[in-house]
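Each remark here refers to the structure printed beneath this line.
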Amino acid sequence: MLTPQGLAEFQEVRKRYPVKRAAILPLFHLFQKERGFVSAEAEEWIARELDLAPVQVHEVLTFYTMLHQEPPAKAHLQVCRTLPCWLAGARRLLRHIEDRYGIRDGEKTPDGRLGLQEVECLGACGNAPVAQLNDDYHWDLTVEKLDRLLESLT
């Protein structure tokens, strides 16, 4: 499941966490670093290695938006949908992406270039509306700013 280096890191993670369940999140990050996402097989492997029920592992994976259960798009766009962003225009941004690229929440363009995800608070309410593109935050967004940002990806 993991490279030899990944297996060594796995052993180090296990040593740091006397409560096995506490190691789930660091192990997800390890798999995601090596493979780009956490597969169903990886979930099962982690559950087996930590002597946990598979559902205990799955519930953690599905809680966090920064963890991917399938290979993400090249550009993974997360748009905040909490109240401050919604009031400042996040819904307009989402509808624009849906119309322009033909994708909805949780989908990717057919070429895998852009993926869209609505997320709960990105923690930058003072600069709403906010989106995260891969690892970078972009705030005070307008449709025009978002278009320029996405066009710069090509």
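Chain labels A, B, ... are given in the sequence in which chains occur in the structure tokens; within each chain residues are numbered consecutively from 1, and ligands are likewise numbered from 1 in the order shown.
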Please report, as a ChimeraX atom specification, each residue of range 6-142 of chain A to which DSSP assigns helix (DSSP H, G or I) when run on this structure's backbone.
/A:6-16,20-35,40-49,54-63,83-88,90-101,125-127
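Running DSSP on the backbone gives strand (DSSP E or B) for these residues within chain A: Ala75, His76, Leu77, Gln78, Val79, Cys80, Lys108, Leu114, Gly115, Leu116, Gln117, Glu118, Val119, Ala131, Gln132, Leu133, Asp136, Tyr137 and His138 of chain A.
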Per residue of range 34-90 of chain A within 9 Å of range 136-151 of chain A, record the nearest atom pair and its distance in Å to one decimal, counting only C-alpha atoms, with rows in chain order and ascending residue number, as a Markdown table.
| residue | atom | partner | partner_atom | distance |
| --- | --- | --- | --- | --- |
| A:Ala75 | CA | A:Leu150 | CA | 8.5 |
| A:Ala88 | CA | A:Asp140 | CA | 8.5 |
| A:Gly89 | CA | A:Thr142 | CA | 7.6 |
| A:Ala90 | CA | A:Leu141 | CA | 8.3 |
Could the residues in this selection be saved with C-alpha atoms as a CSV table (one decimal), in the first residue's frame?
chain,number,residue,atom,x,y,z
A,75,ALA,CA,-7.4,22.6,-9.8
A,88,ALA,CA,-21.3,38.5,0.1
A,89,GLY,CA,-21.9,36.6,-3.1
A,90,ALA,CA,-20.6,33.0,-2.8
Which residues are near Leu27 in chain A? Cut-off 12 Å, only C-alpha atoms, ignore same chain within fewer than 3 positions. Put them as an mmCIF file with N, CA and C atoms, in the first residue's frame.
data_model
loop_
_atom_site.group_PDB
_atom_site.id
_atom_site.type_symbol
_atom_site.label_atom_id
_atom_site.label_comp_id
_atom_site.auth_asym_id
_atom_site.auth_seq_id
_atom_site.Cartn_x
_atom_site.Cartn_y
_atom_site.Cartn_z
ATOM 1 N N MET A 1 0.809 -1.208 0.000
ATOM 2 C CA MET A 1 0.000 0.000 0.000
ATOM 3 C C MET A 1 0.851 1.272 0.000
ATOM 4 N N LEU A 2 1.935 1.244 0.756
ATOM 5 C CA LEU A 2 2.810 2.407 0.852
ATOM 6 C C LEU A 2 4.203 2.061 0.334
ATOM 7 N N GLY A 6 7.209 5.335 3.024
ATOM 8 C CA GLY A 6 5.890 5.532 3.632
ATOM 9 C C GLY A 6 5.644 4.559 4.773
ATOM 10 N N LEU A 7 6.079 3.310 4.593
ATOM 11 C CA LEU A 7 5.925 2.323 5.668
ATOM 12 C C LEU A 7 6.753 2.713 6.890
ATOM 13 N N ALA A 8 7.942 3.246 6.661
ATOM 14 C CA ALA A 8 8.772 3.711 7.779
ATOM 15 C C ALA A 8 8.087 4.867 8.499
ATOM 16 N N GLU A 9 7.504 5.795 7.722
ATOM 17 C CA GLU A 9 6.764 6.911 8.329
ATOM 18 C C GLU A 9 5.558 6.395 9.098
ATOM 19 N N PHE A 10 4.885 5.387 8.551
ATOM 20 C CA PHE A 10 3.737 4.783 9.218
ATOM 21 C C PHE A 10 4.134 4.255 10.596
ATOM 22 N N GLN A 11 5.265 3.557 10.661
ATOM 23 C CA GLN A 11 5.726 3.019 11.952
ATOM 24 C C GLN A 11 6.013 4.144 12.948
ATOM 25 N N GLU A 12 6.592 5.241 12.455
ATOM 26 C CA GLU A 12 6.855 6.388 13.329
ATOM 27 C C GLU A 12 5.552 7.002 13.845
ATOM 28 N N VAL A 13 4.575 7.117 12.980
ATOM 29 C CA VAL A 13 3.279 7.668 13.384
ATOM 30 C C VAL A 13 2.663 6.791 14.461
ATOM 31 N N ARG A 14 2.681 5.492 14.267
ATOM 32 C CA ARG A 14 2.091 4.570 15.257
ATOM 33 C C ARG A 14 2.737 4.734 16.627
ATOM 34 N N ARG A 16 4.023 7.442 17.896
ATOM 35 C CA ARG A 16 3.675 8.730 18.515
ATOM 36 C C ARG A 16 2.298 8.755 19.149
ATOM 37 N N TYR A 17 1.430 7.823 18.775
ATOM 38 C CA TYR A 17 0.043 7.870 19.225
ATOM 39 C C TYR A 17 -0.318 6.605 19.997
ATOM 40 N N LYS A 20 -4.647 4.366 19.369
ATOM 41 C CA LYS A 20 -4.538 4.052 17.943
ATOM 42 C C LYS A 20 -5.398 4.955 17.072
ATOM 43 N N ARG A 21 -6.602 5.238 17.503
ATOM 44 C CA ARG A 21 -7.525 6.032 16.689
ATOM 45 C C ARG A 21 -6.946 7.421 16.385
ATOM 46 N N ALA A 22 -6.108 7.939 17.279
ATOM 47 C CA ALA A 22 -5.521 9.265 17.090
ATOM 48 C C ALA A 22 -4.577 9.304 15.892
ATOM 49 N N ALA A 23 -4.143 8.154 15.425
ATOM 50 C CA ALA A 23 -3.215 8.097 14.287
ATOM 51 C C ALA A 23 -3.927 8.157 12.942
ATOM 52 N N ILE A 24 -5.250 8.102 12.917
ATOM 53 C CA ILE A 24 -5.974 8.044 11.650
ATOM 54 C C ILE A 24 -5.658 9.246 10.766
ATOM 55 N N LEU A 30 -0.462 10.895 5.165
ATOM 56 C CA LEU A 30 0.622 10.108 4.591
ATOM 57 C C LEU A 30 0.189 9.475 3.268
ATOM 58 N N PHE A 31 -0.984 8.861 3.247
ATOM 59 C CA PHE A 31 -1.484 8.265 2.004
ATOM 60 C C PHE A 31 -1.711 9.333 0.941
ATOM 61 N N GLN A 32 -2.283 10.441 1.354
ATOM 62 C CA GLN A 32 -2.561 11.491 0.382
ATOM 63 C C GLN A 32 -1.264 12.071 -0.186
ATOM 64 N N LYS A 33 -0.240 12.171 0.650
ATOM 65 C CA LYS A 33 1.059 12.668 0.185
ATOM 66 C C LYS A 33 1.658 11.717 -0.850
ATOM 67 N N GLU A 34 1.521 10.425 -0.615
ATOM 68 C CA GLU A 34 2.111 9.443 -1.527
ATOM 69 C C GLU A 34 1.273 9.191 -2.772
ATOM 70 N N PHE A 37 -4.600 10.814 -2.885
ATOM 71 C CA PHE A 37 -5.930 10.609 -2.328
ATOM 72 C C PHE A 37 -5.896 9.389 -1.409
ATOM 73 N N VAL A 38 -6.994 9.169 -0.683
ATOM 74 C CA VAL A 38 -7.111 8.026 0.224
ATOM 75 C C VAL A 38 -8.158 7.083 -0.377
ATOM 76 N N ALA A 42 -7.029 1.847 1.021
ATOM 77 C CA ALA A 42 -6.203 2.466 2.057
ATOM 78 C C ALA A 42 -6.983 2.567 3.371
ATOM 79 N N GLU A 43 -8.258 2.918 3.272
ATOM 80 C CA GLU A 43 -9.102 2.960 4.480
ATOM 81 C C GLU A 43 -9.116 1.601 5.174
ATOM 82 N N TRP A 45 -6.950 -0.821 4.904
ATOM 83 C CA TRP A 45 -5.609 -1.138 5.408
ATOM 84 C C TRP A 45 -5.361 -0.429 6.739
ATOM 85 N N ILE A 46 -5.715 0.857 6.796
ATOM 86 C CA ILE A 46 -5.535 1.619 8.041
ATOM 87 C C ILE A 46 -6.361 0.998 9.161
ATOM 88 N N ALA A 47 -7.603 0.656 8.869
ATOM 89 C CA ALA A 47 -8.462 0.033 9.886
ATOM 90 C C ALA A 47 -7.830 -1.258 10.408
ATOM 91 N N GLU A 49 -4.610 -2.173 10.265
ATOM 92 C CA GLU A 49 -3.349 -1.911 10.960
ATOM 93 C C GLU A 49 -3.557 -1.304 12.354
ATOM 94 N N LEU A 50 -4.635 -0.555 12.515
ATOM 95 C CA LEU A 50 -4.901 0.095 13.803
ATOM 96 C C LEU A 50 -5.920 -0.666 14.646
ATOM 97 N N VAL A 57 -12.753 4.500 10.626
ATOM 98 C CA VAL A 57 -11.805 5.164 9.742
ATOM 99 C C VAL A 57 -12.568 6.009 8.709
ATOM 100 N N VAL A 60 -13.971 9.471 9.796
ATOM 101 C CA VAL A 60 -12.970 10.538 9.880
ATOM 102 C C VAL A 60 -12.661 11.056 8.479
ATOM 103 N N LEU A 61 -12.496 10.154 7.532
ATOM 104 C CA LEU A 61 -12.174 10.545 6.157
ATOM 105 C C LEU A 61 -13.257 11.443 5.565
ATOM 106 N N LEU A 67 -9.321 16.098 2.645
ATOM 107 C CA LEU A 67 -8.967 14.722 2.307
ATOM 108 C C LEU A 67 -9.778 14.285 1.096
#
Close residues, range 107-118 of chain A itself excluded, 10 Å, only C-alpha atoms, min 2 positions apart in chain, as a VMD selection string
chain A and resid 65 71 to 82 90 to 91 94 97 to 98 101 to 105 120 to 121 131 to 134 150 153 to 154
